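Below: one structure, written as structure tokens.
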Amino acid sequence: MPILGGTERLGVLRVDLAPGAGPERAAVLASLVALLLTSKRPHSDSYARLVRTEAMNVAAEMQWNLMPPLCFANDAVTIVAAVEPAYAIGGDAFDYAVAGDQIHLAVWDAVRHDSRAGLTANLAVAACRNQRRQGSDLVATGEKVEEVLVEHFGHSTYVTAVLARLDSTTGVLSWSNRGHPAPVLIRGGRWITTLSCPPSHPLGTELDVPATLCREQLEPGDRIVLYTDGVTEARDRCGHEFGLDGLTDFIVRHHADGLPFSETMRRLMHAIVDHHAGQPADDATVLCLEWLGPSRNTELRPRENSTPVPIDQE
């Protein structure tokens with residue numbers, strides 16, 4: 001039986017059923033095991049040793065203790081992330097959070113590929129969460145993150161990022177780009193475009209490039225892809241990049257195959273590592289969100305004779 005923590009795959013449980021017992025008994029047992037694993041995991045070294053297949057570097061140790069689970073789903077959205085090299089991350093990180101109908105997303109890429117990059121990314125994520133939990137908007141959050149980075153590191157390091165927020169009731173996506181590759185929108189499983197927004201300077205450089213807040217109205221089933229340049233710039237032995245086309249084509253093709261979103265991400269990261277001959281030169285991170293639309297949530301379905309409420313596009 002699959003052991004699932006929400007939508008996160010934790011493992012597989014073998015169950016020998018007694019005569020007359022149905023598979024629902026095994027499903028209940030698997031759910032109980034999942035609850036035990038998720039409750040013990042934050043403070044259990046035994047769990048970490050059990051699931052790891054090789055030694056992890058210090059930066060990766062920090063990052064995996066910082067980032068949320070790789071999979072999340074509710075009635076309105078599905079979120080899936082993937083990071084490679086899993087045991088040797090440098091300065092990449094992703095983050096997401098749910099607050100009522102507001103879905104927060106962020107992808108970070110700190111300069112360098114070492115423990116200092118990990119410290120930079122950790123500080124940036126912590127500062128972002130601090131502002132987010134105080135209700136700050138995306139532009140103000142970015143400014144505060146930069147202030148914290150400069151206070152601690154001067155101008156010796158920096159981080160690029162995309163900070164985004166989705167209203168899961170209306171489907172309005174807002175985002176701010178801080179020197180990072182632009183998000184990608186995949187619609188209808190085949191139509192692809194980049195979500196352009198005037199980028200500001202990377203956080204920690206204080207170059208005085210104004211930050212812009214951009215908005216896009218999503219349609220049910222739309223997928224938003226945030227990624228770091230380690231994905232698109234992965235090169236094979238001949239120097240050919242994996243590229244943005246390679247990233248989007250892979251997601252579209254596997255969407256057509258009907259694979260679960262999490263399985264698509266797992267296969268994507270294997271493809272990137274294989275393209276890089278098994279030795280990635282840079283971190284590669286992908287964070288994807290699929291907006292299912294309000295129709296999937298019965299509480300959000302319009303009642304008979306109700307009047308549609310216009311979306312504020314200011």
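Quick note on naming: the chains in the structure tokens go A, B, ... in the order shown, residues restart at 1 in each chain, and ligands are numbered from 1 in order of appearance.
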Shell of 12 Å around Arg129 (chain A), only C-alpha atoms, local chain residues under 5 positions omitted, as a PDB file with C-alpha atoms, in the first residue's frame:
ATOM      1  CA  LEU A  66      14.102  24.788   5.343  1.00  0.00           C
ATOM      2  CA  MET A  67      11.924  23.859   2.353  1.00  0.00           C
ATOM      3  CA  PHE A  94      11.803  26.937  -3.164  1.00  0.00           C
ATOM      4  CA  ASP A  95       8.998  27.905  -0.825  1.00  0.00           C
ATOM      5  CA  TYR A  96       5.214  27.887  -0.775  1.00  0.00           C
ATOM      6  CA  ALA A  97       2.499  28.469   1.794  1.00  0.00           C
ATOM      7  CA  VAL A  98      -1.286  28.588   2.012  1.00  0.00           C
ATOM      8  CA  HIS A 104       2.315  32.015  -1.837  1.00  0.00           C
ATOM      9  CA  LEU A 105       5.152  30.807  -4.073  1.00  0.00           C
ATOM     10  CA  ALA A 106       8.852  31.635  -4.315  1.00  0.00           C
ATOM     11  CA  ASN A 122      18.221  30.388   4.069  1.00  0.00           C
ATOM     12  CA  LEU A 123      18.342  33.989   5.241  1.00  0.00           C
ATOM     13  CA  ALA A 124      16.373  35.176   2.203  1.00  0.00           C
ATOM     14  CA  GLN A 134       3.027  40.156   8.664  1.00  0.00           C
ATOM     15  CA  GLY A 135       0.858  40.709   5.594  1.00  0.00           C
ATOM     16  CA  SER A 136       3.435  42.615   3.494  1.00  0.00           C
ATOM     17  CA  ASP A 137       2.908  42.802  -0.266  1.00  0.00           C
ATOM     18  CA  LEU A 138       5.346  41.204  -2.696  1.00  0.00           C
ATOM     19  CA  THR A 141       8.709  41.763   0.958  1.00  0.00           C
ATOM     20  CA  GLY A 142      11.486  41.852  -1.644  1.00  0.00           C
ATOM     21  CA  LYS A 144      12.912  43.776   3.233  1.00  0.00           C
ATOM     22  CA  VAL A 145      14.702  40.631   2.075  1.00  0.00           C
ATOM     23  CA  LEU A 163       7.952  36.028  -5.498  1.00  0.00           C
TER      24      LEU A 163
END
Please report as CSV every residue of region 139-183 of chain A lying within 12 Å of region 71-87 of chain A, along with the nearest atom pair and their distance in Å (one decimal), using only C-alpha atoms.
residue,atom,partner,partner_atom,distance
A:Leu166,CA,A:Val77,CA,9.7
A:Asp167,CA,A:Ala76,CA,9.8
A:Ser168,CA,A:Ala76,CA,6.1
A:Thr169,CA,A:Ala76,CA,7.9
A:Thr170,CA,A:Ala76,CA,10.4
A:Gly171,CA,A:Ala76,CA,9.5
Atoms kept (N, CA, C and O atoms) for selection, written as an mmCIF file, in the first residue's frame:
data_model
loop_
_atom_site.group_PDB
_atom_site.id
_atom_site.type_symbol
_atom_site.label_atom_id
_atom_site.label_comp_id
_atom_site.auth_asym_id
_atom_site.auth_seq_id
_atom_site.Cartn_x
_atom_site.Cartn_y
_atom_site.Cartn_z
ATOM 1 N N LEU A 166 -1.027 33.705 -5.558
ATOM 2 C CA LEU A 166 -2.227 33.360 -6.331
ATOM 3 C C LEU A 166 -3.454 33.470 -5.446
ATOM 4 O O LEU A 166 -3.489 32.903 -4.341
ATOM 5 N N ASP A 167 -4.442 34.190 -5.919
ATOM 6 C CA ASP A 167 -5.754 34.184 -5.281
ATOM 7 C C ASP A 167 -6.497 32.978 -5.850
ATOM 8 O O ASP A 167 -6.915 32.988 -7.008
ATOM 9 N N SER A 168 -6.639 31.930 -5.053
ATOM 10 C CA SER A 168 -7.205 30.679 -5.576
ATOM 11 C C SER A 168 -8.705 30.770 -5.820
ATOM 12 O O SER A 168 -9.283 29.881 -6.439
ATOM 13 N N THR A 169 -9.348 31.845 -5.345
ATOM 14 C CA THR A 169 -10.765 32.039 -5.621
ATOM 15 C C THR A 169 -10.980 32.625 -7.008
ATOM 16 O O THR A 169 -11.841 32.174 -7.772
ATOM 17 N N THR A 170 -10.189 33.621 -7.350
ATOM 18 C CA THR A 170 -10.350 34.318 -8.633
ATOM 19 C C THR A 170 -9.400 33.826 -9.719
ATOM 20 O O THR A 170 -9.656 34.030 -10.906
ATOM 21 N N GLY A 171 -8.278 33.221 -9.331
ATOM 22 C CA GLY A 171 -7.278 32.811 -10.315
ATOM 23 C C GLY A 171 -6.343 33.922 -10.733
ATOM 24 O O GLY A 171 -5.614 33.784 -11.716
#
Which of region 157-275 of chain A end up as strand (DSSP E or B) when DSSP is run on this backbone - answer as a short mmCIF file (atom, residue, chain, number, x, y, z; two decimals) with C-alpha atoms, in the first residue's frame?
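Written output follows (selection30.cif):
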data_model
loop_
_atom_site.label_atom_id
_atom_site.label_comp_id
_atom_site.auth_asym_id
_atom_site.auth_seq_id
_atom_site.Cartn_x
_atom_site.Cartn_y
_atom_site.Cartn_z
CA VAL A 159 20.11 36.04 -4.63
CA THR A 160 17.72 36.12 -7.58
CA ALA A 161 14.07 35.25 -6.99
CA VAL A 162 10.51 35.23 -8.20
CA LEU A 163 7.95 36.03 -5.50
CA ALA A 164 4.37 35.16 -6.42
CA ARG A 165 0.90 35.03 -4.94
CA LEU A 166 -2.23 33.36 -6.33
CA ASP A 167 -5.75 34.18 -5.28
CA VAL A 172 -5.40 36.13 -10.33
CA LEU A 173 -1.64 35.53 -10.15
CA SER A 174 0.60 38.38 -8.91
CA TRP A 175 4.37 38.24 -9.05
CA SER A 176 7.56 40.25 -8.80
CA ASN A 177 10.80 39.32 -10.56
CA ARG A 178 14.13 39.99 -8.84
CA VAL A 184 6.21 30.03 -17.64
CA LEU A 185 2.47 29.55 -18.22
CA ILE A 186 1.21 26.30 -19.76
CA ARG A 187 -2.44 26.42 -20.81
CA TRP A 191 -0.07 26.52 -25.20
CA ILE A 192 3.08 27.96 -23.65
CA THR A 193 4.21 31.50 -22.91
CA THR A 194 6.60 33.24 -20.56
CA SER A 200 14.30 44.42 -10.70
CA LEU A 203 18.34 40.93 -3.92
CA CYS A 214 2.63 42.14 -12.44
CA ARG A 215 -0.65 40.26 -12.72
CA GLU A 216 -2.09 37.53 -14.91
CA GLN A 217 -5.60 36.06 -14.97
CA ARG A 223 0.12 25.47 -14.85
CA ILE A 224 2.71 27.98 -13.64
CA VAL A 225 6.35 26.87 -13.77
CA LEU A 226 9.05 28.61 -11.74
CA TYR A 227 12.61 27.39 -12.22
CA ARG A 235 24.59 21.00 -20.90
CA GLU A 241 21.68 23.17 -23.28
#
Please provide as a list in words all residues within 6 Å of Pro220 (chain A), with the sequence filter that same-chain residues fewer than 3 positions apart are discarded (counting only C-alpha atoms).
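Here the qualifying residues turn out to be Trp291, Leu292 and Gly293 of chain A.
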Rounded to one decimal place, report the CA of Val273 (chain A)-CA of Leu13 (chain A) distance in Å.
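Interatomic distance here is 28.9 Å.
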For a test of reading the model, state the distance in Å between CA of Gly20 (chain A) and CA of Leu36 (chain A), rounded to one decimal.
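Spanning CA of Gly20 (chain A) to CA of Leu36 (chain A) is a straight-line distance of 26.6 Å.
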Contacts of Gly90 (chain A) at 10 Å (only C-alpha atoms; same-chain gap of 4+ positions) as a list in words:
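After dropping sequence-adjacent residues, the list is Asn57, Val58, Ala59, Ala60, Met62, Gln63, Glu84, Pro85, Ala86, Asp109, Ala110, Val111, Arg112, His113, Asp114, Ser115, Arg116, Ala117, Gly118, Leu119, Thr120, Ala121, Asp282, Asp283 and Ala284 of chain A.
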Go ahead and write the selection's residues with N, CA and C atoms as a short mmCIF file (atom, residue, chain, number, x, y, z; two decimals), in the first residue's frame.
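Here's the written file result-v9.cif:
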data_model
loop_
_atom_site.label_atom_id
_atom_site.label_comp_id
_atom_site.auth_asym_id
_atom_site.auth_seq_id
_atom_site.Cartn_x
_atom_site.Cartn_y
_atom_site.Cartn_z
N ASN A 57 25.72 17.11 1.78
CA ASN A 57 26.60 18.20 2.20
C ASN A 57 25.87 19.16 3.14
N VAL A 58 26.62 20.09 3.73
CA VAL A 58 26.05 20.96 4.77
C VAL A 58 25.00 21.89 4.19
N ALA A 59 25.25 22.44 2.99
CA ALA A 59 24.28 23.34 2.38
C ALA A 59 22.95 22.62 2.13
N ALA A 60 23.02 21.39 1.62
CA ALA A 60 21.80 20.63 1.38
C ALA A 60 21.08 20.30 2.68
N MET A 62 20.94 22.17 5.28
CA MET A 62 20.20 23.38 5.62
C MET A 62 18.96 23.52 4.75
N GLN A 63 19.13 23.33 3.44
CA GLN A 63 18.03 23.59 2.53
C GLN A 63 16.85 22.64 2.74
N GLU A 84 17.62 19.17 -7.76
CA GLU A 84 18.81 18.34 -7.97
C GLU A 84 20.04 19.24 -8.00
N PRO A 85 21.21 18.75 -7.55
CA PRO A 85 21.45 17.45 -6.95
C PRO A 85 20.93 17.41 -5.51
N ALA A 86 20.11 16.46 -5.19
CA ALA A 86 19.41 16.42 -3.91
C ALA A 86 20.35 16.40 -2.71
N ASP A 109 17.64 31.63 -6.00
CA ASP A 109 18.90 31.12 -6.55
C ASP A 109 20.02 32.04 -6.08
N ALA A 110 20.74 31.59 -5.06
CA ALA A 110 21.85 32.38 -4.52
C ALA A 110 23.11 32.15 -5.34
N VAL A 111 23.93 33.20 -5.46
CA VAL A 111 25.16 33.11 -6.21
C VAL A 111 26.11 32.13 -5.52
N ARG A 112 26.92 31.43 -6.30
CA ARG A 112 27.87 30.43 -5.84
C ARG A 112 27.17 29.10 -5.61
N HIS A 113 27.98 28.12 -5.21
CA HIS A 113 27.45 26.77 -5.03
C HIS A 113 28.18 26.14 -3.84
N ASP A 114 27.92 26.68 -2.66
CA ASP A 114 28.60 26.20 -1.46
C ASP A 114 27.76 26.53 -0.24
N SER A 115 28.34 26.33 0.95
CA SER A 115 27.60 26.58 2.18
C SER A 115 27.23 28.05 2.34
N ARG A 116 28.07 28.95 1.83
CA ARG A 116 27.75 30.38 1.90
C ARG A 116 26.49 30.67 1.07
N ALA A 117 26.38 30.02 -0.07
CA ALA A 117 25.16 30.19 -0.87
C ALA A 117 23.95 29.64 -0.11
N GLY A 118 24.14 28.52 0.58
CA GLY A 118 23.06 27.97 1.38
C GLY A 118 22.63 28.92 2.48
N LEU A 119 23.60 29.56 3.14
CA LEU A 119 23.27 30.54 4.18
C LEU A 119 22.51 31.72 3.59
N THR A 120 22.93 32.16 2.42
CA THR A 120 22.25 33.29 1.76
C THR A 120 20.80 32.94 1.46
N ALA A 121 20.59 31.77 0.87
CA ALA A 121 19.23 31.35 0.53
C ALA A 121 18.38 31.17 1.78
N ASP A 282 25.38 22.86 -11.74
CA ASP A 282 24.67 23.88 -10.98
C ASP A 282 23.40 23.25 -10.42
N ASP A 283 22.85 23.90 -9.37
CA ASP A 283 21.59 23.44 -8.83
C ASP A 283 20.49 23.59 -9.88
N ALA A 284 19.53 22.69 -9.86
CA ALA A 284 18.38 22.75 -10.76
C ALA A 284 17.12 22.58 -9.94
#
Rank nothing, just name the residue among A:Met1, A:Met56, A:Cys288, A:Ala234 nearest to Ile251 (chain A), using only C-alpha atoms.
A:Cys288
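CA of Leu32 (chain A) lies 18.6 Å from CA of Ser46 (chain A).
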Tell me which of A:Phe261, A:His254, A:Pro68, A:Pro181 sits closest to Val125 (chain A), counting only C-alpha atoms.
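Checking each of A:Phe261, A:His254, A:Pro68, A:Pro181 against Val125 (chain A), counting only C-alpha atoms, the winner is A:Pro68.
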Which of A:Thr53, A:Ser156, A:Thr285, A:Thr38 sits closest to Pro69 (chain A) [using only C-alpha atoms]
A:Thr38
Region 22-239 of chain A: residues DSSP assigns to alpha helix (DSSP H), reported as an MDAnalysis selection string
chainID A and resid 23:40 45:51 58:66 115:132 138:153 229:232
